[in-house]
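Source file: my_file16.txt. Holds: compact mmCIF, C-alpha atoms.
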```
# COMPACT_ATOMS: atom_id res chain seq x y z
CA MET A 1 -58.37 -20.12 50.59
CA HIS A 2 -58.74 -23.81 51.27
CA GLY A 3 -57.37 -26.78 49.37
CA VAL A 4 -54.24 -26.96 47.30
CA VAL A 5 -53.04 -24.21 45.03
CA GLU A 6 -49.96 -25.31 43.19
CA MET A 7 -47.42 -22.73 42.13
CA VAL A 8 -45.02 -24.17 39.59
CA TYR A 9 -41.70 -22.49 39.00
CA GLU A 10 -39.65 -22.84 35.87
CA THR A 11 -37.27 -25.76 35.87
CA ILE A 12 -33.97 -24.50 37.13
CA LYS A 13 -31.10 -23.97 34.81
CA ILE A 14 -27.67 -24.42 36.31
CA ASN A 15 -25.49 -21.41 35.53
CA LYS A 16 -24.46 -22.26 31.97
CA SER A 17 -20.74 -21.60 32.23
CA ILE A 18 -20.39 -23.57 35.48
CA GLY A 19 -22.45 -26.43 34.08
CA ALA A 20 -20.51 -26.57 30.82
CA LEU A 21 -17.17 -26.44 32.61
CA ASN A 22 -18.25 -29.28 34.90
CA GLU A 23 -19.40 -31.41 31.95
CA ARG A 24 -16.17 -30.79 30.04
CA LEU A 25 -14.02 -31.78 32.98
CA ALA A 26 -16.25 -34.85 33.58
CA SER A 27 -15.55 -35.97 29.98
CA GLU A 28 -11.83 -35.54 30.53
CA ILE A 29 -12.03 -37.59 33.73
CA ARG A 30 -13.87 -40.34 31.87
CA LYS A 31 -11.08 -40.44 29.27
CA VAL A 32 -8.41 -40.72 31.98
CA LEU A 33 -10.36 -43.53 33.65
CA ASP A 34 -10.85 -45.39 30.36
CA GLU A 35 -7.18 -45.13 29.44
CA ALA A 36 -6.26 -46.47 32.88
CA GLY A 37 -8.79 -49.31 32.58
CA ILE A 38 -10.75 -48.15 35.63
CA ARG A 39 -14.53 -48.59 35.93
CA ALA A 40 -16.07 -45.82 38.06
CA PHE A 41 -19.42 -45.70 39.83
CA GLU A 42 -21.01 -42.65 41.37
CA PHE A 43 -23.37 -43.29 44.30
CA LEU A 44 -25.96 -40.72 45.21
CA GLY A 45 -28.86 -40.64 47.62
CA GLY A 46 -30.36 -38.77 50.55
CA PRO A 47 -28.63 -38.54 53.93
CA GLY A 48 -28.81 -41.88 55.72
CA ALA A 49 -30.01 -43.86 52.70
CA GLY A 50 -27.10 -46.24 53.26
CA LYS A 51 -24.72 -45.31 50.43
CA THR A 52 -21.62 -46.05 52.52
CA SER A 53 -23.07 -49.31 53.85
CA VAL A 54 -23.91 -50.54 50.36
CA ILE A 55 -20.44 -49.64 49.06
CA GLU A 56 -18.82 -51.27 52.12
CA ARG A 57 -20.72 -54.53 51.56
CA VAL A 58 -19.98 -54.59 47.85
CA ILE A 59 -16.26 -54.01 48.39
CA GLN A 60 -16.16 -56.80 51.00
CA HIS A 61 -17.86 -59.09 48.50
CA LEU A 62 -15.49 -58.14 45.67
CA ILE A 63 -12.45 -58.82 47.84
CA SER A 64 -13.66 -62.04 49.46
CA GLU A 65 -15.55 -63.60 46.54
CA LYS A 66 -14.24 -62.05 43.35
CA GLY A 67 -10.50 -62.01 43.93
CA PHE A 68 -10.00 -58.25 43.94
CA LYS A 69 -6.99 -56.95 45.82
CA SER A 70 -7.71 -54.03 48.13
CA LYS A 71 -5.33 -51.69 46.30
CA GLU A 72 -7.29 -52.29 43.09
CA ILE A 73 -10.31 -50.58 44.62
CA GLY A 74 -10.59 -46.84 45.19
CA TYR A 75 -13.12 -44.74 47.07
CA ILE A 76 -13.73 -40.99 46.94
CA GLY A 77 -16.18 -39.84 49.62
CA GLY A 78 -17.86 -36.44 49.51
CA ASP A 79 -19.24 -34.94 52.69
CA VAL A 80 -20.07 -31.46 53.94
CA ALA A 81 -18.23 -31.82 57.23
CA THR A 82 -16.85 -35.15 58.46
CA SER A 83 -14.66 -38.00 57.22
CA LEU A 84 -16.67 -40.73 59.01
CA ASP A 85 -17.67 -42.57 55.84
CA THR A 86 -14.18 -42.54 54.37
CA GLU A 87 -12.72 -43.85 57.64
CA ARG A 88 -15.17 -46.76 57.47
CA ILE A 89 -14.22 -47.61 53.90
CA ALA A 90 -10.49 -47.12 54.55
CA LYS A 91 -10.71 -49.91 57.16
CA LEU A 92 -11.22 -52.31 54.25
CA GLY A 93 -7.67 -51.48 53.14
CA VAL A 94 -8.73 -49.85 49.88
CA GLN A 95 -7.48 -46.53 48.58
CA ALA A 96 -9.72 -43.90 50.18
CA ILE A 97 -9.91 -40.13 49.78
CA GLN A 98 -12.22 -37.81 51.67
CA ILE A 99 -13.50 -34.64 50.04
CA ASN A 100 -14.84 -32.22 52.60
CA THR A 101 -16.86 -29.79 50.50
CA GLY A 102 -16.98 -27.14 53.25
CA GLY A 103 -20.77 -26.93 53.18
CA MET A 104 -21.29 -27.40 49.46
CA CYS A 105 -24.26 -29.64 48.68
CA HIS A 106 -22.77 -31.80 45.93
CA LEU A 107 -19.51 -32.93 44.36
CA GLU A 108 -18.30 -31.42 41.09
CA SER A 109 -15.86 -32.91 38.64
CA HIS A 110 -12.98 -30.69 39.78
CA HIS A 111 -13.21 -32.42 43.17
CA ILE A 112 -12.76 -35.77 41.43
CA ALA A 113 -9.89 -34.52 39.27
CA THR A 114 -8.04 -33.35 42.38
CA ALA A 115 -8.77 -36.56 44.29
CA LEU A 116 -7.53 -38.73 41.41
CA LYS A 117 -4.12 -37.06 41.66
CA ARG A 118 -3.84 -38.41 45.21
CA LEU A 119 -4.72 -41.99 44.27
CA ASP A 120 -2.38 -44.63 42.87
CA VAL A 121 -4.34 -44.79 39.63
CA SER A 122 -2.05 -47.39 38.06
CA SER A 123 -3.21 -50.00 40.61
CA LEU A 124 -6.91 -49.21 40.40
CA LYS A 125 -9.52 -51.30 38.63
CA LEU A 126 -12.69 -50.04 40.31
CA LEU A 127 -13.52 -46.61 41.70
CA PHE A 128 -16.46 -45.86 43.98
CA ILE A 129 -17.45 -42.21 44.28
CA GLU A 130 -19.90 -41.38 47.07
CA ASN A 131 -21.62 -38.05 46.63
CA VAL A 132 -22.83 -35.76 49.44
CA GLY A 133 -26.06 -37.03 51.05
CA ASN A 134 -28.58 -35.12 48.97
CA LEU A 135 -31.31 -36.35 46.62
CA VAL A 136 -31.51 -33.16 44.58
CA CYS A 137 -28.36 -31.21 43.76
CA PRO A 138 -25.89 -33.96 42.75
CA THR A 139 -28.31 -34.84 39.92
CA TYR A 140 -27.14 -31.85 37.92
CA PHE A 141 -23.39 -32.44 38.10
CA ARG A 142 -21.80 -35.39 36.32
CA LEU A 143 -18.48 -36.58 37.73
CA GLY A 144 -17.10 -38.67 34.88
CA ALA A 145 -18.19 -42.03 36.34
CA HIS A 146 -19.37 -44.77 33.96
CA LYS A 147 -22.52 -45.49 35.90
CA ARG A 148 -24.58 -43.61 38.41
CA VAL A 149 -26.15 -45.61 41.24
CA LEU A 150 -29.08 -44.13 43.11
CA VAL A 151 -29.49 -45.51 46.64
CA LEU A 152 -33.04 -45.10 47.96
CA ASP A 153 -33.99 -45.71 51.58
CA ALA A 154 -37.08 -47.94 51.48
CA ALA A 155 -37.80 -47.04 55.10
CA THR A 156 -38.37 -43.36 54.30
CA GLY A 157 -41.56 -43.98 52.40
CA GLU A 158 -43.15 -45.09 49.15
CA ASP A 159 -43.16 -41.58 47.68
CA LYS A 160 -39.43 -41.16 47.13
CA VAL A 161 -39.44 -42.01 43.41
CA VAL A 162 -42.37 -39.81 42.42
CA LYS A 163 -40.98 -36.94 44.52
CA HIS A 164 -37.57 -37.07 42.84
CA PRO A 165 -38.25 -38.04 39.20
CA GLN A 166 -35.32 -36.06 37.78
CA THR A 167 -32.84 -37.86 40.03
CA VAL A 168 -34.38 -41.25 39.20
CA ARG A 169 -34.22 -40.50 35.46
CA GLU A 170 -30.56 -39.53 35.61
CA CYS A 171 -29.25 -42.79 37.04
CA ASN A 172 -28.34 -46.18 35.56
CA ILE A 173 -28.86 -48.41 38.57
CA ILE A 174 -31.30 -48.07 41.45
CA VAL A 175 -30.57 -49.76 44.75
CA ILE A 176 -33.57 -49.88 47.06
CA ASN A 177 -31.87 -50.33 50.41
CA LYS A 178 -33.25 -51.40 53.82
CA VAL A 179 -35.81 -53.74 52.28
CA ASP A 180 -35.50 -55.84 55.46
CA ILE A 181 -37.32 -53.19 57.53
CA ALA A 182 -39.71 -51.86 54.85
CA ASP A 183 -42.54 -54.13 55.99
CA ALA A 184 -42.14 -53.13 59.62
CA VAL A 185 -42.50 -49.43 58.77
CA GLY A 186 -45.41 -50.06 56.41
CA VAL A 187 -43.64 -49.34 53.11
CA ASN A 188 -44.53 -51.31 49.99
CA VAL A 189 -41.21 -51.88 48.18
CA ASP A 190 -43.03 -53.05 45.05
CA LYS A 191 -44.58 -49.59 44.68
CA LEU A 192 -41.09 -48.06 44.73
CA VAL A 193 -39.97 -50.59 42.11
CA SER A 194 -42.95 -50.01 39.80
CA ASP A 195 -42.68 -46.22 40.13
CA ALA A 196 -38.98 -46.46 39.31
CA ARG A 197 -39.64 -48.63 36.24
CA ARG A 198 -42.18 -46.12 35.01
CA VAL A 199 -39.94 -43.06 35.55
CA ASN A 200 -36.79 -44.75 34.25
CA PRO A 201 -37.45 -47.95 32.27
CA ARG A 202 -33.76 -48.40 31.41
CA ALA A 203 -32.44 -48.50 34.96
CA LYS A 204 -31.50 -51.78 36.61
CA ILE A 205 -33.23 -52.11 39.97
CA PHE A 206 -31.98 -54.08 42.98
CA LYS A 207 -33.73 -54.75 46.28
CA VAL A 208 -31.01 -54.69 48.87
CA SER A 209 -30.34 -54.68 52.57
CA ALA A 210 -26.75 -53.71 53.25
CA LYS A 211 -27.35 -54.43 56.92
CA VAL A 212 -28.31 -58.07 56.54
CA GLY A 213 -26.65 -58.69 53.17
CA ILE A 214 -29.67 -59.10 50.88
CA GLY A 215 -29.09 -58.46 47.16
CA ILE A 216 -25.41 -57.51 47.44
CA ARG A 217 -24.18 -60.39 45.27
CA GLU A 218 -26.59 -59.53 42.43
CA PHE A 219 -25.75 -55.83 42.62
CA ALA A 220 -22.01 -56.60 42.57
CA GLU A 221 -22.47 -58.77 39.46
CA GLU A 222 -24.16 -55.84 37.74
CA LEU A 223 -21.20 -53.57 38.56
CA LEU A 224 -18.79 -56.12 37.05
CA SER A 225 -20.92 -56.77 33.94
CA MET B 1 -2.28 -44.67 48.91
CA HIS B 2 -4.01 -46.31 51.82
CA GLY B 3 -5.97 -44.77 54.65
CA VAL B 4 -7.78 -41.47 54.70
CA VAL B 5 -6.53 -38.32 53.04
CA GLU B 6 -8.88 -35.48 53.75
CA MET B 7 -9.15 -32.66 51.24
CA VAL B 8 -10.92 -29.70 52.75
CA TYR B 9 -12.43 -27.10 50.46
CA GLU B 10 -13.18 -23.56 51.52
CA THR B 11 -16.55 -23.10 53.14
CA ILE B 12 -18.91 -22.07 50.40
CA LYS B 13 -20.08 -18.53 50.10
CA ILE B 14 -23.50 -18.11 48.60
CA ASN B 15 -23.39 -15.61 45.76
CA LYS B 16 -23.40 -12.36 47.73
CA SER B 17 -26.06 -10.48 45.84
CA ILE B 18 -28.48 -13.44 45.82
CA GLY B 19 -27.86 -14.07 49.51
CA ALA B 20 -28.34 -10.42 50.47
CA LEU B 21 -31.51 -10.11 48.41
CA ASN B 22 -32.93 -13.25 50.01
CA GLU B 23 -32.11 -11.97 53.53
CA ARG B 24 -33.68 -8.58 52.83
CA LEU B 25 -36.89 -10.10 51.53
CA ALA B 26 -36.93 -12.50 54.52
CA SER B 27 -36.82 -9.48 56.87
CA GLU B 28 -39.71 -7.89 54.99
CA ILE B 29 -41.70 -11.12 55.25
CA ARG B 30 -41.05 -11.24 59.00
CA LYS B 31 -42.40 -7.67 59.34
CA VAL B 32 -45.55 -8.56 57.40
CA LEU B 33 -46.07 -11.66 59.59
CA ASP B 34 -45.52 -9.68 62.79
CA GLU B 35 -47.94 -6.95 61.77
CA ALA B 36 -50.55 -9.60 60.96
CA GLY B 37 -49.95 -11.40 64.27
CA ILE B 38 -48.84 -14.62 62.58
CA ARG B 39 -46.22 -16.93 64.07
CA ALA B 40 -44.30 -18.79 61.36
CA PHE B 41 -42.21 -21.95 61.57
CA GLU B 42 -39.91 -23.28 58.90
CA PHE B 43 -39.40 -27.07 58.86
CA LEU B 44 -36.33 -28.51 57.22
CA GLY B 45 -34.85 -31.99 57.02
CA GLY B 46 -33.71 -34.70 54.63
CA PRO B 47 -36.11 -36.49 52.28
CA GLY B 48 -38.31 -38.88 54.25
CA ALA B 49 -37.37 -37.53 57.69
CA GLY B 50 -41.06 -37.05 58.40
CA LYS B 51 -41.49 -33.27 58.14
CA THR B 52 -45.01 -33.56 56.72
CA SER B 53 -46.03 -36.20 59.25
CA VAL B 54 -44.80 -34.09 62.18
CA ILE B 55 -46.62 -31.00 60.87
CA GLU B 56 -49.78 -33.06 60.24
CA ARG B 57 -49.80 -34.41 63.79
CA VAL B 58 -49.13 -30.99 65.32
CA ILE B 59 -51.93 -29.36 63.33
CA GLN B 60 -54.34 -32.13 64.36
CA HIS B 61 -53.34 -31.54 68.00
CA LEU B 62 -53.74 -27.75 67.71
CA ILE B 63 -57.22 -28.11 66.22
CA SER B 64 -58.49 -30.87 68.51
CA GLU B 65 -56.84 -29.86 71.79
CA LYS B 66 -55.96 -26.19 71.55
CA GLY B 67 -59.06 -24.68 69.99
CA PHE B 68 -57.50 -23.51 66.73
CA LYS B 69 -59.84 -23.17 63.77
CA SER B 70 -58.55 -24.71 60.56
CA LYS B 71 -58.57 -21.39 58.69
CA GLU B 72 -56.24 -19.95 61.34
CA ILE B 73 -53.52 -22.32 60.25
CA GLY B 74 -51.55 -22.02 57.02
CA TYR B 75 -49.12 -24.35 55.28
CA ILE B 76 -46.66 -23.65 52.48
CA GLY B 77 -45.06 -26.83 51.13
CA GLY B 78 -41.95 -26.77 48.96
CA ASP B 79 -41.15 -29.72 46.74
CA VAL B 80 -39.13 -30.32 43.59
CA ALA B 81 -41.88 -32.13 41.73
CA THR B 82 -45.11 -33.26 43.43
CA SER B 83 -47.87 -31.79 45.59
CA LEU B 84 -48.34 -34.97 47.66
CA ASP B 85 -47.43 -33.36 50.98
CA THR B 86 -49.65 -30.34 50.45
CA GLU B 87 -52.58 -32.56 49.51
CA ARG B 88 -52.12 -34.42 52.80
CA ILE B 89 -52.08 -31.22 54.84
CA ALA B 90 -54.99 -29.70 52.88
CA LYS B 91 -57.14 -32.63 54.02
CA LEU B 92 -57.00 -31.11 57.51
CA GLY B 93 -58.95 -28.15 56.14
CA VAL B 94 -56.18 -25.63 56.68
CA GLN B 95 -54.99 -23.10 54.12
CA ALA B 96 -52.42 -24.92 51.99
CA ILE B 97 -50.17 -23.76 49.17
CA GLN B 98 -47.82 -25.93 47.16
CA ILE B 99 -44.61 -24.50 45.77
CA ASN B 100 -43.17 -26.68 43.04
CA THR B 101 -39.60 -25.42 42.72
CA GLY B 102 -39.07 -27.06 39.32
CA GLY B 103 -35.98 -28.93 40.49
CA MET B 104 -34.53 -26.27 42.76
CA CYS B 105 -33.11 -27.73 45.95
CA HIS B 106 -34.45 -25.25 48.52
CA LEU B 107 -37.08 -22.55 49.05
CA GLU B 108 -36.11 -18.89 48.92
CA SER B 109 -37.95 -15.98 50.44
CA HIS B 110 -39.43 -14.86 47.11
CA HIS B 111 -41.34 -18.17 47.04
CA ILE B 112 -42.83 -17.33 50.44
CA ALA B 113 -43.69 -13.78 49.44
CA THR B 114 -45.59 -15.06 46.41
CA ALA B 115 -47.34 -17.79 48.38
CA LEU B 116 -48.45 -15.33 51.09
CA LYS B 117 -50.34 -13.35 48.45
CA ARG B 118 -52.49 -16.44 47.81
CA LEU B 119 -53.32 -17.02 51.49
CA ASP B 120 -56.06 -15.31 53.50
CA VAL B 121 -53.48 -13.73 55.80
CA SER B 122 -56.09 -11.88 57.87
CA SER B 123 -57.42 -15.22 59.22
CA LEU B 124 -54.03 -16.77 59.93
CA LYS B 125 -52.46 -17.21 63.34
CA LEU B 126 -49.90 -19.91 62.61
CA LEU B 127 -47.95 -20.63 59.45
CA PHE B 128 -46.04 -23.83 58.77
CA ILE B 129 -43.47 -23.71 55.98
CA GLU B 130 -42.07 -27.05 54.84
CA ASN B 131 -38.84 -26.77 52.90
CA VAL B 132 -37.67 -29.12 50.14
CA GLY B 133 -36.34 -32.43 51.53
CA ASN B 134 -32.67 -31.58 51.79
CA LEU B 135 -30.36 -31.39 54.80
CA VAL B 136 -27.86 -29.03 53.20
CA CYS B 137 -29.03 -26.22 50.92
CA PRO B 138 -32.04 -24.80 52.82
CA THR B 139 -29.64 -23.98 55.66
CA TYR B 140 -28.32 -20.99 53.75
CA PHE B 141 -31.64 -19.33 52.87
CA ARG B 142 -33.80 -17.76 55.57
CA LEU B 143 -37.49 -17.49 54.76
CA GLY B 144 -38.71 -14.96 57.33
CA ALA B 145 -40.06 -17.56 59.78
CA HIS B 146 -39.77 -16.89 63.52
CA LYS B 147 -38.32 -20.30 64.27
CA ARG B 148 -36.61 -22.95 62.28
CA VAL B 149 -37.39 -26.57 63.14
CA LEU B 150 -34.96 -29.28 62.06
CA VAL B 151 -36.56 -32.71 61.68
CA LEU B 152 -34.01 -35.53 61.94
CA ASP B 153 -34.83 -39.13 61.08
CA ALA B 154 -33.54 -41.21 64.00
CA ALA B 155 -33.73 -44.32 61.82
CA THR B 156 -31.10 -43.05 59.37
CA GLY B 157 -28.26 -43.32 61.87
CA GLU B 158 -26.48 -41.77 64.81
CA ASP B 159 -24.16 -39.70 62.63
CA LYS B 160 -26.68 -37.22 61.27
CA VAL B 161 -25.84 -34.39 63.69
CA VAL B 162 -22.07 -34.55 63.34
CA LYS B 163 -22.38 -34.83 59.56
CA HIS B 164 -24.54 -31.72 59.28
CA PRO B 165 -23.27 -29.34 61.99
CA GLN B 166 -24.05 -26.17 60.04
CA THR B 167 -27.71 -27.16 59.63
CA VAL B 168 -27.97 -28.12 63.30
CA ARG B 169 -26.43 -24.80 64.38
CA GLU B 170 -28.85 -22.77 62.26
CA CYS B 171 -32.05 -24.07 63.83
CA ASN B 172 -34.02 -23.23 66.97
CA ILE B 173 -35.80 -26.50 67.58
CA ILE B 174 -34.68 -30.05 66.80
CA VAL B 175 -37.27 -32.78 66.40
CA ILE B 176 -35.77 -36.25 66.45
CA ASN B 177 -38.48 -38.22 64.69
CA LYS B 178 -39.11 -41.99 64.44
CA VAL B 179 -37.80 -42.66 67.96
CA ASP B 180 -40.23 -45.60 68.08
CA ILE B 181 -38.14 -47.57 65.57
CA ALA B 182 -34.66 -46.31 66.53
CA ASP B 183 -34.00 -49.28 68.82
CA ALA B 184 -35.05 -51.78 66.18
CA VAL B 185 -32.54 -50.35 63.66
CA GLY B 186 -29.78 -50.09 66.27
CA VAL B 187 -29.67 -46.31 66.61
CA ASN B 188 -28.94 -44.71 69.98
CA VAL B 189 -31.20 -41.64 70.15
CA ASP B 190 -29.31 -40.32 73.18
CA LYS B 191 -26.18 -39.97 71.04
CA LEU B 192 -28.14 -37.81 68.58
CA VAL B 193 -29.42 -35.71 71.50
CA SER B 194 -26.01 -35.23 73.11
CA ASP B 195 -24.36 -34.45 69.75
CA ALA B 196 -27.11 -31.90 69.07
CA ARG B 197 -26.66 -30.27 72.49
CA ARG B 198 -22.93 -29.96 71.86
CA VAL B 199 -23.30 -28.48 68.36
CA ASN B 200 -26.21 -26.21 69.27
CA PRO B 201 -26.66 -25.73 73.04
CA ARG B 202 -29.51 -23.21 72.57
CA ALA B 203 -31.81 -25.44 70.53
CA LYS B 204 -34.79 -27.11 72.15
CA ILE B 205 -34.77 -30.84 71.45
CA PHE B 206 -37.80 -33.13 71.24
CA LYS B 207 -37.91 -36.90 70.84
CA VAL B 208 -40.90 -37.58 68.65
CA SER B 209 -42.69 -40.27 66.71
CA ALA B 210 -45.23 -38.72 64.38
CA LYS B 211 -46.37 -42.22 63.48
CA VAL B 212 -47.39 -43.31 66.97
CA GLY B 213 -47.85 -39.82 68.46
CA ILE B 214 -44.92 -39.64 70.90
CA GLY B 215 -43.78 -36.14 71.91
CA ILE B 216 -46.24 -34.22 69.73
CA ARG B 217 -47.98 -32.52 72.69
CA GLU B 218 -44.66 -31.23 74.12
CA PHE B 219 -43.47 -30.03 70.72
CA ALA B 220 -46.79 -28.24 70.08
CA GLU B 221 -46.47 -26.48 73.47
CA GLU B 222 -43.03 -25.22 72.44
CA LEU B 223 -44.47 -23.79 69.20
CA LEU B 224 -47.15 -21.93 71.17
CA SER B 225 -44.76 -20.66 73.89
```

Is it possible to give me this structure as structure tokens?
Amino acid sequence: MHGVVEMVYETIKINKSIGALNERLASEIRKVLDEAGIRAFEFLGGPGAGKTSVIERVIQHLISEKGFKSKEIGYIGGDVATSLDTERIAKLGVQAIQINTGGMCHLESHHIATALKRLDVSSLKLLFIENVGNLVCPTYFRLGAHKRVLVLDAATGEDKVVKHPQTVRECNIIVINKVDIADAVGVNVDKLVSDARRVNPRAKIFKVSAKVGIGIREFAEELLS
Amino acid sequence: MHGVVEMVYETIKINKSIGALNERLASEIRKVLDEAGIRAFEFLGGPGAGKTSVIERVIQHLISEKGFKSKEIGYIGGDVATSLDTERIAKLGVQAIQINTGGMCHLESHHIATALKRLDVSSLKLLFIENVGNLVCPTYFRLGAHKRVLVLDAATGEDKVVKHPQTVRECNIIVINKVDIADAVGVNVDKLVSDARRVNPRAKIFKVSAKVGIGIREFAEELLS
């Protein structure tokens, strides 16, 4: 047998009771956030896409340029093993909670509910939730955030949108990070952008480099809009 | 609340009956492969780490330098949506099967069992299995391969080993890919190597660039050893 034979499996269905429970709790979390006047953003993306770096840059911008006090900003960081990302964000003085999932591949809304109890919610205006580095599983579990931000690593190739259409469809904002090195590794960022527009015409798309600071101001404005 | 509060959840347990069934079928697959004289390698890694590129380069090397015929080499590619990777590998003339998981975040051994029925097993000597791009979930599901190869993207940062210790522990060979651009993005490859040695002292480690061809010969020798 030569050439490609494609075997297509049925689209997965998350266990109904777990999925429904997660959704219900996510709605409750949204209500709590709305009543407290907090805007929440969930960040998802593959490992090393630069989720933490993008959040770090945006928070710096909000504090230095937009008059936010550090205590008005919260961060919940999900990771399978370490607290490296949360330590980085905590250095900015903001409220930071690490959720070590113990090997689990995504955050669920019960993680967020528990984390919120540890935050001084009355001071918060903005909440950044960073999911586990994974382009697949977090897609299926809403966390109660107002907007979902997908961070794509431009340096990992032009195929990332077409290979993960479900994830692209389920987000509100797409940040294409590392645009400063895309050329050097032979990736056409415009292909990523046009693929993303096709798969999800409603999403706002930003070309960003957290490392050198490209596009952070525009992305921050979108979060505050 | 300022600073880091770490909330550690219990290490996940895969649903016992699903896990046991997967392991049992993986053992059966291994027996079938052994009886047929086929050596199988599972490749796992995050999206864009370069799994396909590494496999492509190795297959080219095996055919051009090691006397393998294309029909002696098989490839099973797992993906959530596209068959792009399998199309690339099929161009080498080898036996190639695409498994579209329909959104599922990892391959399981039943996928491999089904794919093997479509391959001309009697011609095969080597089988490359490429898992879904995901650094977390595939860790927990063995596929019957003789060795598991973890492909890490050096360009995504020095923290990838410490952030995914379970995945690093559960592999036999670690390929640190994209070492040609690590310097340019400020990543110290030696830190990745020393972290990997600490977390998994038994694993063989190779510094590779599939793009420019670094380390492919040495890695191919390891697969044939």

Best match for closeness to chain A among B:Ile216, B:Leu223, B:Ile63, B:Ala184, counting all atoms listed in the file: B:Ala184

Residues near A:Ile76, cut-off 12 Å, all atoms listed in the file, skip fewer than 6 positions along chain, as an NGL selection string: (:A and (40-43 or 52 or 55 or 83 or 85-87 or 89-90 or 94-100 or 107 or 109 or 111-119 or 126-132 or 143 or 145)) or (:B and (3-7))

Close residues, B:Phe68 itself excluded, 9 Å, all atoms listed in the file, min 6 positions apart in chain, as an MDAnalysis selection string: chainID B and resid 59 62 125

Residues near A:Leu124, cut-off 7 Å, all atoms listed in the file, skip fewer than 3 positions along chain, as a PDB file with C-alpha atoms, keeping the file's coordinate frame:
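Okay, selection_5.pdb is ready:
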```
ATOM      1  CA  ILE A  38     -10.750 -48.150  35.630  1.00  0.00           C
ATOM      2  CA  LYS A  71      -5.330 -51.690  46.300  1.00  0.00           C
ATOM      3  CA  GLU A  72      -7.290 -52.290  43.090  1.00  0.00           C
ATOM      4  CA  ILE A  73     -10.310 -50.580  44.620  1.00  0.00           C
ATOM      5  CA  GLY A  74     -10.590 -46.840  45.190  1.00  0.00           C
ATOM      6  CA  ASP A 120      -2.380 -44.630  42.870  1.00  0.00           C
ATOM      7  CA  VAL A 121      -4.340 -44.790  39.630  1.00  0.00           C
TER       8      VAL A 121
END
```

Among listed residues A:Arg202, A:Lys66, A:His106, A:His61, nearest chain B (using all atoms listed in the file):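 The answer is A:His106, which sits nearest to chain B.
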
Which neighbours of A:Asn22 fall inside 10 Å, counting all atoms listed in the file, when residues of the same chain fewer than 5 positions from it are skipped, and could you give them as an mmCIF file with C-alpha atoms, in the coordinates of the input?
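Result written to out_29.cif:
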```cif
data_model
loop_
_atom_site.group_PDB
_atom_site.id
_atom_site.type_symbol
_atom_site.label_atom_id
_atom_site.label_comp_id
_atom_site.auth_asym_id
_atom_site.auth_seq_id
_atom_site.Cartn_x
_atom_site.Cartn_y
_atom_site.Cartn_z
ATOM 1 C CA LYS A 16 -24.460 -22.260 31.970
ATOM 2 C CA SER A 17 -20.740 -21.600 32.230
ATOM 3 C CA SER A 27 -15.550 -35.970 29.980
ATOM 4 C CA GLU A 28 -11.830 -35.540 30.530
ATOM 5 C CA GLU A 108 -18.300 -31.420 41.090
ATOM 6 C CA SER A 109 -15.860 -32.910 38.640
ATOM 7 C CA HIS A 110 -12.980 -30.690 39.780
ATOM 8 C CA TYR A 140 -27.140 -31.850 37.920
ATOM 9 C CA PHE A 141 -23.390 -32.440 38.100
ATOM 10 C CA ARG A 142 -21.800 -35.390 36.320
ATOM 11 C CA LEU A 143 -18.480 -36.580 37.730
ATOM 12 C CA GLY A 144 -17.100 -38.670 34.880
#
```

Residue among A:Val185, A:Ile29, A:Cys171, A:Ala36 lying closest to A:Val199, counting only C-alpha atoms: A:Cys171

Interatomic distance, atom CA of A:Pro138 to atom CA of A:Glu170 (Å, one decimal):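 We find that atom CA of A:Pro138 and atom CA of A:Glu170 lie 10.2 Å from each other.
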
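The space separating atom CA of B:Ala196 from atom CA of A:Asn134 comes to 20.4 Å.
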
Nearest residue to B:Arg88 from the set B:Lys204, B:His146, B:Lys163, B:Arg57 (distances using all atoms listed in the file): B:Arg57

Residue nearest A:Thr82 - candidates B:Val32, B:Val58, B:Leu25, B:Val161, atoms counted: only C-alpha atoms: B:Val161
